[in-house]
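What follows is a single structure, written as C-alpha cells, with notes after it.
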Amino acid sequence: MDEIKEYGQTSLDNNKKHKKIHLLSIIGEIEGHENVASGTKATKYEHVLPQLAKVEDDQETDGLLVIINTVGGDVECGLAIAEMISSLSKPTVSLVLGGSHSIGVPLAVSTDYSFIVPTGTMVIHPVRMNGMFIGVPQTYEYFKKIQERINWFVVHHCNIKENRFTELMMETEVMTKDVGSILVGKQTVKEGIIDEIGGLQQAMEKLYALIEEHTKK
C-alpha cells in the first residue's frame, strides 16, 4: 500500500495466470527537474525511472501495465520515461483513462500495445514555450529539435504517418485559442495512434497473451 501511496505503483500477482505484473500509473502532471505547484497531482520521473529499471532487472516480473491519465508536463522527462518503457525487454501494455495529453501521447504509444477507453481523449499540439526564454535563433532551434524528437518517437511507435501527425499537431480550427487537435476514443484508433478501444479487462488479457508469446520465444 505504501508503494501505491508514494509512487502510484504496485505489483499484481494474485491472478489465475500466475503472472507478476508491475502496475505503473502516470497521472496528473509529469514532474521534471522542477517541482510542480503545491497541491498539483504529479508523476515524478525520478520515481518512475528506478522502478522501470527494477522491472527490467526483476526475473519474477513478467510484464508492465501502464495506466495513463495525464495533462502532460515536462517534455524532456516525459520523453525519457517513454524511451525507457519502449526499451524494456518485457511485454508492455498501456491503457489511457481520462486523457493522455501533450507529452502523454509518446507515453501512450511507448508500449508494445495500447488501449484507450471510449471516452478517453488525446490532445496533440506543438511544444509550448512557457515562462522566460531567450528570444534568439538558437532557442527556436532547440524547441524545433525537441519537437522533431517527439514526432520521431510517436510515428515510430504507432501506425500514424508523420505528415498526418503534423497536420493534427498544427490544426488551427479545433482548439480555441490554441493550435492542435483533440481526439476522442475511436478517433485515436482510426488515426493509427492507439491500437484498440478497451478497458482494464482487455488490457490485462492482452498483456497476458503477450507474456505467453514472450515466454514461448
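Residue names in the C-alpha cells use chain letters A, B, ... in the order shown, residue numbers from 1 in each chain, and ligand numbers from 1 in the order shown.
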Neighbour list for segment 69-84 of chain A as JSON, numbers by chain, cut-off 9 Å, only C-alpha atoms, skip fewer than 2 positions in-chain: {"A": [25, 26, 27, 28, 29, 30, 31, 32, 33, 34, 42, 43, 45, 46, 48, 49, 52, 53, 67, 86, 87, 88, 95, 96, 97, 98, 99, 100, 101, 102, 103, 104, 105, 106, 107, 108, 109, 110, 111, 120, 123, 127, 146, 149, 150, 153]}
Please produce a file of the residues just selected, as a compact mmCIF listing (two decimals), in the first residue's frame, where the atoms kept are N, CA and C atoms.
```
# COMPACT_ATOMS: atom_id res chain seq x y z
N SER A 25 1.19 3.83 -12.78
CA SER A 25 0.16 4.83 -13.11
C SER A 25 0.85 6.17 -13.36
N ILE A 26 0.53 6.75 -14.51
CA ILE A 26 1.05 8.07 -14.87
C ILE A 26 -0.13 9.02 -14.84
N ILE A 27 -0.20 9.83 -13.80
CA ILE A 27 -1.36 10.69 -13.57
C ILE A 27 -0.95 12.15 -13.36
N GLY A 28 -1.93 13.02 -13.54
CA GLY A 28 -1.68 14.44 -13.29
C GLY A 28 -0.66 15.02 -14.24
N GLU A 29 0.28 15.75 -13.70
CA GLU A 29 1.32 16.40 -14.49
C GLU A 29 2.64 15.65 -14.35
N ILE A 30 3.36 15.52 -15.46
CA ILE A 30 4.68 14.89 -15.41
C ILE A 30 5.64 15.90 -14.81
N GLU A 31 6.12 15.59 -13.62
CA GLU A 31 7.05 16.50 -12.94
C GLU A 31 8.47 16.18 -13.37
N GLY A 32 9.20 17.21 -13.76
CA GLY A 32 10.57 17.02 -14.23
C GLY A 32 11.61 17.54 -13.27
N HIS A 33 12.48 18.40 -13.79
CA HIS A 33 13.59 18.90 -12.98
C HIS A 33 13.15 19.93 -11.94
N GLU A 34 11.96 20.48 -12.12
CA GLU A 34 11.42 21.44 -11.16
C GLU A 34 10.11 20.91 -10.59
N ALA A 42 0.90 14.87 -9.42
CA ALA A 42 2.04 14.76 -10.33
C ALA A 42 2.64 13.36 -10.31
N THR A 43 3.24 13.01 -11.45
CA THR A 43 4.05 11.80 -11.56
C THR A 43 5.50 12.25 -11.64
N TYR A 45 9.31 11.86 -12.34
CA TYR A 45 10.11 10.98 -13.19
C TYR A 45 11.26 10.33 -12.43
N GLU A 46 11.73 10.98 -11.35
CA GLU A 46 12.81 10.36 -10.58
C GLU A 46 12.32 9.15 -9.78
N VAL A 48 9.80 7.16 -11.26
CA VAL A 48 9.44 6.19 -12.30
C VAL A 48 10.65 5.47 -12.88
N LEU A 49 11.71 6.21 -13.17
CA LEU A 49 12.87 5.60 -13.84
C LEU A 49 13.49 4.45 -13.04
N LEU A 52 11.23 1.38 -13.30
CA LEU A 52 11.31 0.72 -14.59
C LEU A 52 12.58 -0.12 -14.71
N ALA A 53 13.67 0.40 -14.16
CA ALA A 53 14.91 -0.38 -14.14
C ALA A 53 14.73 -1.65 -13.31
N ILE A 67 -1.05 2.65 -16.75
CA ILE A 67 -2.34 3.35 -16.72
C ILE A 67 -2.07 4.85 -16.84
N SER A 86 9.78 1.94 -23.71
CA SER A 86 9.90 1.29 -25.02
C SER A 86 11.12 0.39 -25.11
N SER A 87 12.11 0.61 -24.24
CA SER A 87 13.34 -0.18 -24.28
C SER A 87 13.28 -1.44 -23.42
N LEU A 88 12.19 -1.61 -22.66
CA LEU A 88 12.07 -2.80 -21.82
C LEU A 88 11.98 -4.06 -22.67
N LEU A 95 -2.92 1.75 -21.11
CA LEU A 95 -4.36 2.00 -21.10
C LEU A 95 -4.60 3.46 -20.76
N VAL A 96 -5.20 4.19 -21.71
CA VAL A 96 -5.49 5.61 -21.50
C VAL A 96 -6.87 5.74 -20.88
N LEU A 97 -6.90 6.32 -19.69
CA LEU A 97 -8.14 6.61 -18.98
C LEU A 97 -8.24 8.13 -18.83
N GLY A 98 -9.37 8.69 -19.13
CA GLY A 98 -9.49 10.15 -19.00
C GLY A 98 -8.79 10.83 -20.14
N GLY A 99 -7.49 11.07 -20.00
CA GLY A 99 -6.75 11.74 -21.06
C GLY A 99 -5.28 11.39 -21.08
N SER A 100 -4.68 11.57 -22.24
CA SER A 100 -3.24 11.41 -22.41
C SER A 100 -2.79 12.54 -23.31
N HIS A 101 -2.59 13.69 -22.72
CA HIS A 101 -2.39 14.91 -23.49
C HIS A 101 -0.92 15.28 -23.62
N SER A 102 -0.61 16.01 -24.69
CA SER A 102 0.71 16.57 -24.89
C SER A 102 1.79 15.48 -24.86
N ILE A 103 2.71 15.53 -23.91
CA ILE A 103 3.77 14.52 -23.82
C ILE A 103 3.19 13.16 -23.40
N GLY A 104 1.92 13.14 -23.03
CA GLY A 104 1.24 11.87 -22.74
C GLY A 104 1.06 11.02 -23.98
N VAL A 105 1.11 11.64 -25.18
CA VAL A 105 0.97 10.89 -26.43
C VAL A 105 2.14 9.92 -26.61
N PRO A 106 3.40 10.38 -26.54
CA PRO A 106 4.51 9.42 -26.61
C PRO A 106 4.45 8.36 -25.51
N LEU A 107 4.00 8.72 -24.34
CA LEU A 107 3.90 7.75 -23.25
C LEU A 107 2.89 6.66 -23.59
N ALA A 108 1.77 7.04 -24.19
CA ALA A 108 0.73 6.08 -24.52
C ALA A 108 1.17 5.09 -25.58
N VAL A 109 2.01 5.54 -26.52
CA VAL A 109 2.43 4.66 -27.62
C VAL A 109 3.76 3.98 -27.36
N SER A 110 4.34 4.18 -26.19
CA SER A 110 5.66 3.62 -25.88
C SER A 110 5.62 2.12 -25.59
N THR A 111 4.44 1.59 -25.36
CA THR A 111 4.31 0.16 -25.01
C THR A 111 4.13 -0.69 -26.26
N GLY A 120 -11.95 8.32 -23.52
CA GLY A 120 -10.60 8.84 -23.32
C GLY A 120 -10.24 9.86 -24.41
N VAL A 123 -4.75 15.03 -26.60
CA VAL A 123 -4.54 16.37 -27.15
C VAL A 123 -3.16 16.40 -27.78
N VAL A 127 5.17 21.72 -29.16
CA VAL A 127 5.82 22.05 -27.88
C VAL A 127 5.57 23.51 -27.57
N ILE A 146 13.46 19.49 -30.16
CA ILE A 146 12.61 18.75 -29.23
C ILE A 146 11.37 18.23 -29.95
N ARG A 149 12.14 15.30 -32.11
CA ARG A 149 12.34 14.08 -31.32
C ARG A 149 11.01 13.46 -30.94
N ILE A 150 10.07 14.30 -30.53
CA ILE A 150 8.74 13.79 -30.15
C ILE A 150 8.05 13.18 -31.36
N PHE A 153 9.56 9.82 -32.29
CA PHE A 153 9.20 8.77 -31.35
C PHE A 153 7.78 8.27 -31.61
```
Which of segment 25-153 of chain A DSSP labels strand (DSSP E), written as a ChimeraX atom specification: /A:25-31,42-44,63-73,92-100,113-116,121-124
Backbone-only DSSP, helix (DSSP H, G or I) members of segment 105-211 of chain A, as an MDAnalysis selection string: chainID A and resid 105:109 137:155 162:169 186:190 200:211
Distance query Pro91 of chain A at most 9 Å, only C-alpha atoms, self and fewer than 3 positions along chain excluded, as JSON, numbers by chain: {"A": [62, 63, 64, 65, 88, 111, 112, 113, 207, 208, 210, 211, 214]}
